[in-house]
>>> print(open('run_6.cif').read())   # mmCIF, C-alpha atoms and all ligand atoms
data_target
loop_
_atom_site.label_atom_id
_atom_site.label_comp_id
_atom_site.auth_asym_id
_atom_site.auth_seq_id
_atom_site.Cartn_x
_atom_site.Cartn_y
_atom_site.Cartn_z
CA MET A 1 124.63 218.73 111.96
CA ASN A 2 121.53 220.68 110.91
CA THR A 3 121.98 219.62 107.30
CA LEU A 4 122.55 216.00 108.32
CA LEU A 5 119.32 215.98 110.32
CA ALA A 6 117.38 217.79 107.60
CA ALA A 7 118.64 215.29 105.01
CA VAL A 8 117.66 212.31 107.14
CA GLU A 9 114.25 213.86 107.76
CA ALA A 10 113.71 214.51 104.04
CA GLY A 11 114.52 210.88 103.20
CA ALA A 12 112.27 209.56 105.97
CA LYS A 13 109.37 211.68 104.74
CA GLU A 14 109.53 210.07 101.29
CA MET A 15 109.85 206.61 102.82
CA THR A 16 106.80 207.12 104.99
CA ARG A 17 104.81 208.49 102.05
CA PHE A 18 105.36 205.28 100.08
CA PHE A 19 105.37 202.69 102.89
CA ASN A 20 101.68 202.00 103.21
CA GLY A 21 100.80 202.78 99.63
CA THR A 22 101.79 201.26 96.32
CA PHE A 23 105.20 201.58 94.75
CA SER A 24 107.11 199.97 91.92
CA VAL A 25 109.83 197.44 92.73
CA THR A 26 112.68 196.36 90.44
CA ASN A 27 115.62 194.03 90.83
CA LYS A 28 119.33 194.87 90.86
CA GLU A 29 122.24 192.41 90.47
CA GLY A 30 121.83 189.19 92.51
CA ILE A 31 118.60 187.46 93.45
CA ASN A 32 115.96 189.53 95.26
CA ASN A 33 118.27 192.54 95.50
CA LEU A 34 115.41 194.99 95.27
CA VAL A 35 115.15 198.69 94.65
CA THR A 36 111.84 200.53 94.99
CA GLU A 37 110.39 203.80 93.82
CA ALA A 38 110.76 204.93 97.44
CA ASP A 39 114.58 204.36 97.40
CA HIS A 40 114.86 206.72 94.42
CA ALA A 41 112.46 209.32 95.84
CA ALA A 42 114.18 209.34 99.25
CA GLU A 43 117.61 209.57 97.64
CA LYS A 44 116.53 212.51 95.47
CA ALA A 45 115.15 214.38 98.50
CA ILE A 46 118.33 213.72 100.55
CA ILE A 47 120.69 214.83 97.78
CA GLU A 48 118.64 217.97 97.25
CA VAL A 49 119.02 218.97 100.92
CA ILE A 50 122.78 218.34 100.87
CA LYS A 51 123.30 220.18 97.59
CA ASN A 52 121.20 223.17 98.68
CA ASN A 53 123.36 223.58 101.78
CA PHE A 54 126.76 222.39 100.54
CA PRO A 55 126.83 222.49 96.73
CA SER A 56 130.57 221.78 96.56
CA HIS A 57 130.62 218.63 98.74
CA PHE A 58 131.30 215.12 97.39
CA ILE A 59 128.29 212.76 97.63
CA LEU A 60 128.38 208.95 97.41
CA SER A 61 124.88 207.51 97.34
CA GLU A 62 123.81 203.91 96.78
CA GLU A 63 121.45 204.30 93.82
CA THR A 64 123.04 207.36 92.15
CA GLY A 65 126.71 206.53 92.70
CA GLU A 66 129.33 209.26 93.05
CA LEU A 67 128.69 212.97 92.62
CA VAL A 68 132.36 213.82 92.49
CA SER A 69 134.02 217.00 93.68
CA ASP A 70 137.44 217.69 95.19
CA SER A 71 135.92 218.75 98.51
CA ASP A 72 137.35 217.44 101.81
CA PHE A 73 133.77 216.58 102.79
CA LYS A 74 132.00 213.46 101.57
CA TRP A 75 128.41 212.47 102.33
CA ILE A 76 127.72 208.73 102.21
CA VAL A 77 124.03 208.00 101.75
CA ASP A 78 121.86 204.90 101.96
CA PRO A 79 118.35 206.21 101.22
CA ILE A 80 116.74 203.01 102.50
CA ASP A 81 118.77 200.43 104.36
CA GLY A 82 116.54 197.38 104.60
CA THR A 83 114.84 197.66 101.21
CA VAL A 84 113.71 194.02 101.18
CA ASN A 85 111.95 194.61 104.53
CA PHE A 86 110.45 197.83 103.18
CA ALA A 87 109.13 196.11 100.05
CA HIS A 88 107.46 193.41 102.18
CA GLY A 89 105.85 195.82 104.66
CA ILE A 90 108.26 194.89 107.49
CA PRO A 91 108.96 198.05 109.50
CA LEU A 92 112.70 197.44 109.96
CA PHE A 93 114.43 199.89 107.65
CA CYS A 94 116.02 203.29 107.92
CA VAL A 95 117.76 206.20 106.26
CA SER A 96 121.51 206.16 106.91
CA ILE A 97 123.84 209.09 106.24
CA GLY A 98 127.47 209.51 107.23
CA LEU A 99 129.70 212.52 106.72
CA GLU A 100 133.46 212.24 106.21
CA LYS A 101 136.01 215.01 106.48
CA GLU A 102 139.44 214.27 105.04
CA GLU A 103 138.54 210.57 104.88
CA LYS A 104 137.55 210.34 108.56
CA MET A 105 133.94 209.84 109.60
CA ILE A 106 132.87 212.86 111.64
CA MET A 107 129.08 212.55 111.85
CA GLY A 108 126.40 209.97 111.25
CA ALA A 109 122.64 209.66 111.56
CA VAL A 110 120.33 206.68 111.16
CA TYR A 111 116.56 207.12 111.33
CA ASN A 112 113.79 204.55 111.37
CA PRO A 113 110.67 206.67 110.94
CA PHE A 114 108.33 203.75 111.47
CA ILE A 115 109.35 203.19 115.09
CA ASN A 116 110.55 206.78 115.39
CA GLU A 117 114.13 206.08 116.41
CA LEU A 118 116.77 208.61 115.45
CA TYR A 119 120.39 207.65 116.18
CA VAL A 120 123.01 210.36 115.88
CA ALA A 121 126.75 210.53 116.56
CA GLU A 122 129.41 213.15 116.21
CA LYS A 123 133.12 212.24 116.50
CA GLY A 124 134.26 212.72 120.10
CA LYS A 125 130.81 213.79 121.31
CA GLY A 126 129.03 210.49 121.98
CA ALA A 127 125.98 208.86 120.45
CA THR A 128 122.30 209.47 121.12
CA LEU A 129 118.93 207.86 120.51
CA ASN A 130 116.18 210.47 120.19
CA GLY A 131 118.46 212.96 121.96
CA LYS A 132 119.41 210.71 124.92
CA PRO A 133 122.95 209.30 125.30
CA ILE A 134 123.32 205.60 124.52
CA HIS A 135 125.96 203.06 125.51
CA VAL A 136 126.92 199.57 124.41
CA SER A 137 126.13 196.59 126.65
CA LYS A 138 128.32 195.31 129.50
CA GLN A 139 128.20 191.64 128.48
CA THR A 140 131.60 190.00 128.95
CA SER A 141 130.99 186.52 127.54
CA VAL A 142 130.21 185.72 123.92
CA LEU A 143 128.44 182.57 125.13
CA ASN A 144 125.86 184.72 126.92
CA SER A 145 125.60 187.30 124.14
CA CYS A 146 122.78 188.16 121.79
CA LEU A 147 124.24 188.72 118.32
CA VAL A 148 123.05 189.91 114.93
CA THR A 149 124.33 189.34 111.42
CA GLY A 150 123.36 189.73 107.78
CA PHE A 151 123.85 187.76 104.58
CA PRO A 152 124.88 189.16 101.20
CA TYR A 153 122.49 189.16 98.22
CA VAL A 154 124.96 186.98 96.33
CA TYR A 155 126.18 184.16 98.55
CA LEU A 156 129.94 184.13 99.10
CA GLU A 157 131.49 180.70 98.57
CA THR A 158 134.43 181.54 100.81
CA PRO A 159 136.03 179.37 103.49
CA ASN A 160 134.54 180.41 106.80
CA GLY A 161 131.77 182.17 104.91
CA PRO A 162 128.59 183.61 106.40
CA LEU A 163 126.77 180.29 106.89
CA GLN A 164 129.73 178.48 108.46
CA VAL A 165 130.20 181.25 111.02
CA PHE A 166 126.46 181.33 111.69
CA GLU A 167 126.43 177.57 112.21
CA LYS A 168 129.38 177.64 114.64
CA LEU A 169 127.64 180.23 116.81
CA ILE A 170 124.23 178.56 116.68
CA LYS A 171 125.80 175.21 117.64
CA GLN A 172 127.13 176.91 120.79
CA GLY A 173 123.54 177.92 121.61
CA ILE A 174 124.29 181.61 121.02
CA PRO A 175 121.25 183.52 119.66
CA VAL A 176 122.08 185.20 116.33
CA ARG A 177 119.37 187.41 114.78
CA ARG A 178 119.06 188.62 111.18
CA LEU A 179 117.12 191.90 110.95
CA GLY A 180 117.83 192.82 107.30
CA SER A 181 119.24 196.30 107.89
CA ALA A 182 122.94 196.59 108.66
CA ALA A 183 122.61 200.23 109.74
CA LEU A 184 119.97 199.28 112.32
CA ASP A 185 122.04 196.25 113.41
CA LEU A 186 124.88 198.65 114.22
CA CYS A 187 122.62 201.12 116.04
CA TRP A 188 121.12 198.32 118.09
CA VAL A 189 124.64 197.31 119.16
CA ALA A 190 125.24 200.96 120.09
CA ALA A 191 122.04 200.97 122.16
CA GLY A 192 123.09 197.81 124.01
CA ARG A 193 120.30 195.62 122.57
CA PHE A 194 122.79 193.40 120.77
CA ASP A 195 126.27 192.65 122.12
CA GLY A 196 127.80 192.20 118.69
CA PHE A 197 127.25 192.37 114.92
CA PHE A 198 129.27 190.93 112.08
CA GLU A 199 128.75 190.79 108.35
CA HIS A 200 130.94 189.51 105.52
CA HIS A 201 130.13 191.87 102.70
CA LEU A 202 128.89 195.41 103.24
CA GLN A 203 129.12 198.57 101.18
CA PRO A 204 130.23 201.99 102.52
CA TRP A 205 126.62 203.29 102.63
CA ASP A 206 125.55 200.35 104.83
CA SER A 207 128.17 200.90 107.52
CA SER A 208 129.45 204.49 107.44
CA ALA A 209 127.00 206.14 109.87
CA GLY A 210 126.43 203.06 112.04
CA PHE A 211 130.08 202.35 112.73
CA LEU A 212 130.63 205.86 114.12
CA ILE A 213 127.47 205.48 116.22
CA VAL A 214 128.84 202.23 117.73
CA GLU A 215 132.26 203.77 118.43
CA GLU A 216 130.72 206.85 120.00
CA ALA A 217 128.51 204.64 122.19
CA GLY A 218 131.71 203.08 123.59
CA GLY A 219 131.89 200.04 121.30
CA LYS A 220 134.62 198.66 119.07
CA VAL A 221 134.52 198.27 115.28
CA THR A 222 137.19 196.49 113.22
CA ASP A 223 137.55 194.29 110.19
CA TYR A 224 137.72 190.52 110.73
CA LEU A 225 141.49 190.70 111.33
CA GLY A 226 141.05 193.22 114.11
CA ASN A 227 142.34 196.14 112.03
CA THR A 228 140.92 199.67 112.25
CA PHE A 229 137.62 199.65 110.39
CA SER A 230 137.16 201.33 107.04
CA PRO A 231 133.71 201.40 105.39
CA TYR A 232 135.47 200.86 102.04
CA GLN A 233 136.32 197.23 102.82
CA PRO A 234 133.61 194.57 103.15
CA HIS A 235 134.04 192.84 106.55
CA ILE A 236 132.70 194.36 109.73
CA LEU A 237 132.83 193.28 113.35
CA ALA A 238 131.14 195.67 115.78
CA THR A 239 130.80 194.81 119.45
CA ASN A 240 130.59 196.25 122.94
CA GLY A 241 134.40 195.87 123.01
CA LEU A 242 134.30 193.33 125.84
CA ILE A 243 133.43 190.32 123.64
CA HIS A 244 135.32 191.54 120.56
CA GLU A 245 138.20 189.07 120.56
CA GLN A 246 135.99 186.16 121.66
CA LEU A 247 133.60 186.78 118.76
CA ARG A 248 136.45 187.47 116.35
CA SER A 249 137.82 183.98 117.00
CA TYR A 250 134.68 182.54 115.31
CA LEU A 251 135.28 184.62 112.19
CA ILE A 252 138.84 183.61 111.35
C1 LIG B 301 121.29 195.59 102.85
C2 LIG B 301 120.97 195.48 104.33
C3 LIG B 301 121.14 194.06 104.81
C4 LIG B 301 122.54 193.52 104.51
C5 LIG B 301 122.86 193.67 103.04
C6 LIG B 301 122.70 195.14 102.61
P1 LIG B 301 119.93 197.44 101.40
O1 LIG B 301 121.15 196.94 102.39
O2 LIG B 301 121.80 196.33 105.07
O3 LIG B 301 120.95 193.95 106.19
O4 LIG B 301 122.58 192.17 104.89
O5 LIG B 301 124.20 193.26 102.84
O6 LIG B 301 122.99 195.25 101.24
O7 LIG B 301 120.11 196.70 100.12
O8 LIG B 301 118.66 197.12 102.07
O9 LIG B 301 120.23 198.90 101.28
CA CA B 302 122.10 199.18 102.60
CA CA B 303 119.72 200.77 100.26
#
>>> encode(input="run_6.cif", output="structure tokens")
Amino acid sequence: MNTLLAAVEAGAKEMTRFFNGTFSVTNKEGINNLVTEADHAAEKAIIEVIKNNFPSHFILSEETGELVSDSDFKWIVDPIDGTVNFAHGIPLFCVSIGLEKEEKMIMGAVYNPFINELYVAEKGKGATLNGKPIHVSKQTSVLNSCLVTGFPYVYLETPNGPLQVFEKLIKQGIPVRRLGSAALDLCWVAAGRFDGFFEHHLQPWDSSAGFLIVEEAGGKVTDYLGNTFSPYQPHILATNGLIHEQLRSYLI
């Protein structure tokens, strides 16, 4: 846990250093899929902390890729989740780091240094926001829920794709927000601000820490078919548990 928190802190420090200053921005695959100098600097600082403490552990990080080892432990790092927000001066972004042991997520931390919110979870030990326990909402009806979603950088032309689902919910009068940081979306479900989150195409670094935080806050996380969630497949549905099946019926 100490290394996880130190790594998150190291990433946040780099992020903060760049946020109000100038930084270079380049484009990855897709349109407006940005990466900034701050993503690289934060990632370097995070990897350094992990390697100094656990040189033999496997690391999977968004911008660097895999630092492979045959360790049972794997760190999954998103140095900045919400890079488009970051690049536009919108303070909705975070560092997100999950730790797996034998392919099971055992710890996760998500930190938004700008609004100073640190979310942490450890398997079987609950989830906290700035050290205080958090719980998902008690909303029982999807029609009265406040939801959040995200859209991929490259639009998916699939039946029942992101816009169709969005439209169905909006037509029911259900508020659906789009913050631009999947890790924060998940943490805000864990904190009971949103009743549910779904997204069609995420990567392991977007969801690994946040999904454990939701589960440890008493929520439910599955794929769109209702199967046990794995961060290595793209679909995610995370809710307070009570509206899970109601919301899932809009996705399939
Ligand atoms: C993105 C954010 C966004 C989600 C995208 C992700 P990035 O991560 O989490 O909310 O909709 O699918 O790729 O690129 O800012 O690390
Ligand atoms: Ca991300
Ligand atoms: Ca990122």
>>> closest_residue(input="run_6.cif", among="A:Thr3, A:Asn130, A:Thr36, A:Gln172", to="ligand LIG 301 (chain B)", atoms="all atoms listed in the file")
A:Thr36
>>> residues_near_ligand(input="run_6.cif", ligand="ligand CA 302 (chain B)", cutoff="7 Å", atoms="only C-alpha atoms and all ligand atoms", output="PyMOL selection string")
chain A and resi 78+80-82+181-182+205-206
>>> closest_residue(input="run_6.cif", among="A:Thr16, A:Ser69, A:Thr83, A:Ser137", to="A:Val35", atoms="only C-alpha atoms")
A:Thr83
>>> residues_around(input="run_6.cif", residues="A:Val84", least_positions_apart="5", cutoff="12 Å", atoms="all atoms listed in the file", output="ChimeraX atom specification")
/A:25-28,31-36,38-39,89-94,153,179-181
>>> residues_around(input="run_6.cif", residues="stretch 145-152 of chain A", least_positions_apart="2", cutoff="8 Å", atoms="only C-alpha atoms", output="VMD selection string")
chain A and resid 139 141 to 143 154 to 156 162 174 to 182 185 193 to 202
>>> closest_residue(input="run_6.cif", among="A:Ala183, A:Ile236, A:Val136, A:Val68", to="ligand CA 303 (chain B)", atoms="only C-alpha atoms and all ligand atoms")
A:Ala183
>>> closest_residue(input="run_6.cif", among="A:Ala42, A:Phe229, A:Phe18, A:Trp75", to="A:Ser56", atoms="all atoms listed in the file")
A:Trp75
>>> closest_residue(input="run_6.cif", among="A:Trp188, A:Phe23, A:Phe58, A:Phe86", to="ligand LIG 301 (chain B)", atoms="all atoms listed in the file")
A:Phe86
>>> residues_near_point(input="run_6.cif", point="(124.4, 207.8, 104.6)", cutoff="6 Å", atoms="only C-alpha atoms", output="ChimeraX atom specification")
/A:76-78,96-98,205
>>> closest_atom_pairs(input="run_6.cif", of="stretch 34-141 of chain A", to="stretch 9-12 of chain A", cutoff="6 Å", atoms="all atoms listed in the file", output="tab-separated table")
residue	atom	partner	partner_atom	distance
A:Ala42	CA	A:Gly11	CA	4.3
A:Ala45	CA	A:Ala10	CA	5.7
A:Ile46	CA	A:Gly11	CA	5.4
A:Pro113	CA	A:Ala12	CA	6.0
>>> atom_distance(input="run_6.cif", atom1="atom O7 of ligand LIG 301 (chain B)", atom2="atom CA of A:Lys44")
16.9 Å
>>> residues_around(input="run_6.cif", residues="A:Gln233", least_positions_apart="3", cutoff="8 Å", atoms="all atoms listed in the file", output="list in words")
Leu202, Gln203, Pro204 and Ser230 of chain A
>>> atom_distance(input="run_6.cif", atom1="atom CA of A:Glu14", atom2="atom CA of A:Val110")
15.0 Å
>>> residues_around(input="run_6.cif", residues="A:Ile252", least_positions_apart="3", cutoff="10 Å", atoms="all atoms listed in the file", output="ChimeraX atom specification")
/A:159-161,165,224-225,247-249
>>> axis_aligned_box(input="run_6.cif", around="stretch 135-145 of chain A", padding_each_side="5 Å", output="AutoDock Vina command-line options")
--center_x 128.6 --center_y 192.8 --center_z 126.7 --size_x 16.0 --size_y 30.5 --size_z 15.6
>>> closest_residue(input="run_6.cif", among="A:Lys123, A:Ile170, A:Ser207, A:Ile213", to="ligand CA 303 (chain B)", atoms="all atoms listed in the file")
A:Ser207
>>> atom_distance(input="run_6.cif", atom1="atom CA of A:Ser61", atom2="atom CA of A:Ala109")
14.6 Å
>>> residues_near_point(input="run_6.cif", point="(139.5, 214.7, 100.3)", cutoff="7 Å", atoms="all atoms listed in the file", output="PyMOL selection string")
chain A and resi 70-73+102-103
